Amino acid sequence: MLHIPIFSRLPLHRLLLVAAASALVVPSAVRAQVKTSVLDRAKQDATRRDAVINADRFGVIDGVVTDTLDQPLTSAEVAVVGTTARVVTGENGRFRMLQVPPGQYLLVVRRIGFAPASGIIEVPAADTLRLAYTLTRSSAMLDTVKTFERRVSLRMVEFEQRRAQGAGQFVTREEIERRGSLQVYDFLRNMRTIEVSRITDQMFGGMVALSRREAGSVLGEGAGACPMQVFLDGIVLPRFFNLELLPPPKQIAGIEVYSGAASIPPQFGGPDRRCGVVAVWTRDGN
């Protein structure tokens with residue numbers, strides 16, 4: 001017997017209505033997928049719009065590193081202190097950093113065999129900052145390789161040796177972790193020989209470490225206005241250095257302070273150290 005589908009017995013206009021109704025029935029899984037796809041496209045569009053808007057706010061750092069003979073230095077590391085921004089110079093000695101938030105930073109340039117250089121930079125918004133650094137070949141000989149039972153960097157071993165001699169004031173990694181301060185200069189405020197003050201000047205600005213012991217102000221304000229020389233991992237930082245540009249305390253392994261020229265160890269010696277020295281050491285890997 002021939003079986004005729006029930007739909008074939010219906011009038012043509014009713015068949016059309018049934019077909020239309022069937023087409024309108026969309027499974028919930030399909031509806032959810034369509035909705036998710038629409039939301040994803042909206043998020044992608046918003047992300048692209050934000051990227052375009054923020055691109056106008058960021059700056060670019062473009063620079064070159066050479067030696068004293070004006071020859072380009074390749075494989076020199078250029079780092080913005082306190083951030084993860086690090087690049088290496090190419091064969092032409094050039095480097096470039098993109099999408100840098102505008103503001104003031106400490107830039108450090110290092111290369112094996114050369115004395116490091118540093119400088120305070122001001123990155124403009126929606127513009128390019130062009131820099132040039134010249135590194136001087138280092139004549140210092142590498143120290144003998146020493147092996148220790150506990151993994152401790154050589155610079156922190158020397159830090160502990162100087163601390164044992166008791167010539168200066170020291171802040172250890174344990175104390176830094178215990179206090180949990182947000183800024184490195186908070187550890188200097190409690191030292192009897194240092195006055196941490198905010199300076200607002202056309203050339204200098206920020207939180208500066210001043211000697212309480214040395215007179216003969218370079219700011220014309222008498223005693224207590226003598227800027228101390230700041231070191232970061234042995235690198236001499238610019239005079240009147242803004243302590244706010246140092247790495248955060250969680251990246252610091254130790255701090256040592258010497259109040260006057262007579263107590264300064266030879267490795268921190270140099271011209272015009274009469275106001276004293278602040279040496280900051282970062283943890284391994286920073």
# chains A, B, ... in the order shown; residues from 1 in each chain; ligands from 1

$ residues_around --residues "Thr128 (chain A)" --least-positions-apart "6" --cutoff "8 Å" --atoms "only C-alpha atoms" --output "PyMOL selection string"
chain A and resi 59-62

$ residues_around --residues "Arg163 (chain A)" --least-positions-apart "2" --cutoff "12 Å" --atoms "only C-alpha atoms" --output "number ranges by chain"
A: 156-161, 165-172, 254-258, 265

$ write_last_selection --atoms "C-alpha atoms" --output "short mmCIF file (atom, residue, chain, number, x, y, z; two decimals), in the first residue's frame"
data_model
loop_
_atom_site.label_atom_id
_atom_site.label_comp_id
_atom_site.auth_asym_id
_atom_site.auth_seq_id
_atom_site.Cartn_x
_atom_site.Cartn_y
_atom_site.Cartn_z
CA MET A 156 75.25 41.28 47.83
CA VAL A 157 78.15 39.38 49.39
CA GLU A 158 80.14 42.61 49.23
CA PHE A 159 77.11 44.44 50.64
CA GLU A 160 77.15 42.12 53.66
CA GLN A 161 80.89 42.56 54.07
CA GLN A 165 82.34 46.69 59.01
CA GLY A 166 79.67 49.08 60.34
CA ALA A 167 80.84 52.18 58.47
CA GLY A 168 77.42 53.14 57.09
CA GLN A 169 73.72 52.60 57.59
CA PHE A 170 72.07 49.58 55.96
CA VAL A 171 68.61 48.33 55.05
CA THR A 172 68.46 44.60 54.33
CA GLY A 254 69.44 46.22 49.94
CA ILE A 255 70.26 49.87 50.59
CA GLU A 256 73.40 51.37 52.09
CA VAL A 257 74.02 54.97 53.10
CA TYR A 258 77.24 56.85 53.84
CA PRO A 265 84.06 52.98 50.44
#

$ residues_around --residues "region 237-244 of chain A" --least-positions-apart "5" --cutoff "8 Å" --atoms "only C-alpha atoms" --output "ChimeraX atom specification"
/A:118-120,183-185,204-209,227-232

$ residues_around --residues "region 103-105 of chain A" --least-positions-apart "5" --cutoff "6 Å" --atoms "only C-alpha atoms" --output "list in words"
Ile120, Ile121, Glu122 and Val123 of chain A

$ residues_around --residues "Arg96 (chain A)" --least-positions-apart "6" --cutoff "12 Å" --atoms "only C-alpha atoms" --output "JSON, numbers by chain"
{"A": [59, 60, 61, 62, 63, 64, 65, 77, 78, 79, 85, 86, 87, 88, 89, 90, 128, 129, 130, 131, 132]}

$ write_last_selection --atoms "N, CA, C and O atoms" --output "PDB file, in the first residue's frame"
ATOM      1  N   GLY A  59      53.989  57.534  23.785  1.00  0.00           N
ATOM      2  CA  GLY A  59      55.142  58.111  23.124  1.00  0.00           C
ATOM      3  C   GLY A  59      56.064  57.031  22.598  1.00  0.00           C
ATOM      4  O   GLY A  59      55.856  55.842  22.844  1.00  0.00           O
ATOM      5  N   VAL A  60      57.091  57.433  21.884  1.00  0.00           N
ATOM      6  CA  VAL A  60      58.076  56.518  21.307  1.00  0.00           C
ATOM      7  C   VAL A  60      59.465  56.983  21.713  1.00  0.00           C
ATOM      8  O   VAL A  60      59.744  58.187  21.726  1.00  0.00           O
ATOM      9  N   ILE A  61      60.328  56.025  22.087  1.00  0.00           N
ATOM     10  CA  ILE A  61      61.730  56.332  22.392  1.00  0.00           C
ATOM     11  C   ILE A  61      62.585  55.776  21.268  1.00  0.00           C
ATOM     12  O   ILE A  61      62.550  54.578  20.982  1.00  0.00           O
ATOM     13  N   ASP A  62      63.321  56.642  20.632  1.00  0.00           N
ATOM     14  CA  ASP A  62      64.196  56.245  19.517  1.00  0.00           C
ATOM     15  C   ASP A  62      65.592  56.753  19.830  1.00  0.00           C
ATOM     16  O   ASP A  62      65.785  57.944  20.117  1.00  0.00           O
ATOM     17  N   GLY A  63      66.582  55.845  19.808  1.00  0.00           N
ATOM     18  CA  GLY A  63      67.914  56.287  20.194  1.00  0.00           C
ATOM     19  C   GLY A  63      69.027  55.473  19.579  1.00  0.00           C
ATOM     20  O   GLY A  63      68.797  54.500  18.857  1.00  0.00           O
ATOM     21  N   VAL A  64      70.256  55.886  19.902  1.00  0.00           N
ATOM     22  CA  VAL A  64      71.442  55.218  19.397  1.00  0.00           C
ATOM     23  C   VAL A  64      72.488  55.184  20.502  1.00  0.00           C
ATOM     24  O   VAL A  64      72.575  56.101  21.330  1.00  0.00           O
ATOM     25  N   VAL A  65      73.280  54.111  20.535  1.00  0.00           N
ATOM     26  CA  VAL A  65      74.355  53.950  21.514  1.00  0.00           C
ATOM     27  C   VAL A  65      75.667  53.779  20.757  1.00  0.00           C
ATOM     28  O   VAL A  65      75.769  52.926  19.862  1.00  0.00           O
ATOM     29  N   GLU A  77      72.250  46.765  26.183  1.00  0.00           N
ATOM     30  CA  GLU A  77      70.913  46.666  26.778  1.00  0.00           C
ATOM     31  C   GLU A  77      70.442  48.039  27.240  1.00  0.00           C
ATOM     32  O   GLU A  77      71.147  48.747  27.959  1.00  0.00           O
ATOM     33  N   VAL A  78      69.236  48.398  26.823  1.00  0.00           N
ATOM     34  CA  VAL A  78      68.617  49.663  27.220  1.00  0.00           C
ATOM     35  C   VAL A  78      67.371  49.317  28.018  1.00  0.00           C
ATOM     36  O   VAL A  78      66.487  48.602  27.535  1.00  0.00           O
ATOM     37  N   ALA A  79      67.300  49.796  29.269  1.00  0.00           N
ATOM     38  CA  ALA A  79      66.188  49.427  30.149  1.00  0.00           C
ATOM     39  C   ALA A  79      65.598  50.657  30.811  1.00  0.00           C
ATOM     40  O   ALA A  79      66.316  51.595  31.162  1.00  0.00           O
ATOM     41  N   ALA A  85      60.280  47.185  30.446  1.00  0.00           N
ATOM     42  CA  ALA A  85      60.722  47.644  29.131  1.00  0.00           C
ATOM     43  C   ALA A  85      62.229  47.488  28.995  1.00  0.00           C
ATOM     44  O   ALA A  85      63.002  48.160  29.687  1.00  0.00           O
ATOM     45  N   ARG A  86      62.652  46.581  28.105  1.00  0.00           N
ATOM     46  CA  ARG A  86      64.070  46.336  27.838  1.00  0.00           C
ATOM     47  C   ARG A  86      64.237  46.011  26.366  1.00  0.00           C
ATOM     48  O   ARG A  86      63.485  45.210  25.829  1.00  0.00           O
ATOM     49  N   VAL A  87      65.227  46.638  25.729  1.00  0.00           N
ATOM     50  CA  VAL A  87      65.538  46.334  24.342  1.00  0.00           C
ATOM     51  C   VAL A  87      67.041  46.225  24.201  1.00  0.00           C
ATOM     52  O   VAL A  87      67.802  46.646  25.078  1.00  0.00           O
ATOM     53  N   VAL A  88      67.473  45.658  23.085  1.00  0.00           N
ATOM     54  CA  VAL A  88      68.898  45.511  22.788  1.00  0.00           C
ATOM     55  C   VAL A  88      69.182  46.214  21.470  1.00  0.00           C
ATOM     56  O   VAL A  88      68.398  46.115  20.517  1.00  0.00           O
ATOM     57  N   THR A  89      70.276  46.931  21.413  1.00  0.00           N
ATOM     58  CA  THR A  89      70.622  47.668  20.198  1.00  0.00           C
ATOM     59  C   THR A  89      70.983  46.718  19.062  1.00  0.00           C
ATOM     60  O   THR A  89      71.520  45.632  19.283  1.00  0.00           O
ATOM     61  N   GLY A  90      70.705  47.151  17.843  1.00  0.00           N
ATOM     62  CA  GLY A  90      71.048  46.365  16.667  1.00  0.00           C
ATOM     63  C   GLY A  90      72.465  46.625  16.206  1.00  0.00           C
ATOM     64  O   GLY A  90      73.263  47.281  16.898  1.00  0.00           O
ATOM     65  N   THR A 128      57.845  61.509  19.580  1.00  0.00           N
ATOM     66  CA  THR A 128      59.032  60.658  19.655  1.00  0.00           C
ATOM     67  C   THR A 128      60.148  61.373  20.386  1.00  0.00           C
ATOM     68  O   THR A 128      60.482  62.525  20.070  1.00  0.00           O
ATOM     69  N   LEU A 129      60.706  60.704  21.391  1.00  0.00           N
ATOM     70  CA  LEU A 129      61.862  61.217  22.121  1.00  0.00           C
ATOM     71  C   LEU A 129      63.114  60.593  21.513  1.00  0.00           C
ATOM     72  O   LEU A 129      63.244  59.368  21.476  1.00  0.00           O
ATOM     73  N   ARG A 130      64.034  61.421  21.046  1.00  0.00           N
ATOM     74  CA  ARG A 130      65.256  60.932  20.399  1.00  0.00           C
ATOM     75  C   ARG A 130      66.440  61.097  21.350  1.00  0.00           C
ATOM     76  O   ARG A 130      66.664  62.181  21.891  1.00  0.00           O
ATOM     77  N   LEU A 131      67.188  60.010  21.533  1.00  0.00           N
ATOM     78  CA  LEU A 131      68.274  59.981  22.507  1.00  0.00           C
ATOM     79  C   LEU A 131      69.558  59.477  21.870  1.00  0.00           C
ATOM     80  O   LEU A 131      69.525  58.756  20.870  1.00  0.00           O
ATOM     81  N   ALA A 132      70.677  59.839  22.486  1.00  0.00           N
ATOM     82  CA  ALA A 132      71.990  59.346  22.059  1.00  0.00           C
ATOM     83  C   ALA A 132      72.853  59.159  23.305  1.00  0.00           C
ATOM     84  O   ALA A 132      72.957  60.072  24.135  1.00  0.00           O
TER      85      ALA A 132
END

$ select_by_dssp --residues "region 43-267 of chain A" --states "strand (DSSP E or B)" --output "JSON, numbers by chain"
{"A": [59, 60, 61, 62, 63, 64, 65, 66, 67, 72, 77, 78, 79, 80, 86, 87, 88, 94, 95, 96, 97, 98, 99, 100, 103, 104, 105, 106, 107, 108, 109, 110, 114, 117, 118, 119, 120, 121, 122, 123, 128, 129, 130, 131, 132, 133, 134, 135, 137, 169, 170, 171, 172, 194, 195, 196, 197, 198, 199, 200, 205, 206, 207, 208, 209, 210, 211, 226, 227, 229, 230, 231, 232, 235, 236, 252, 253, 254, 255, 256, 257, 258]}

$ closest_residue --among "A:Ala253, A:Cys226, A:Met97, A:Leu73" --to "Ile176 (chain A)" --atoms "only C-alpha atoms"
A:Ala253
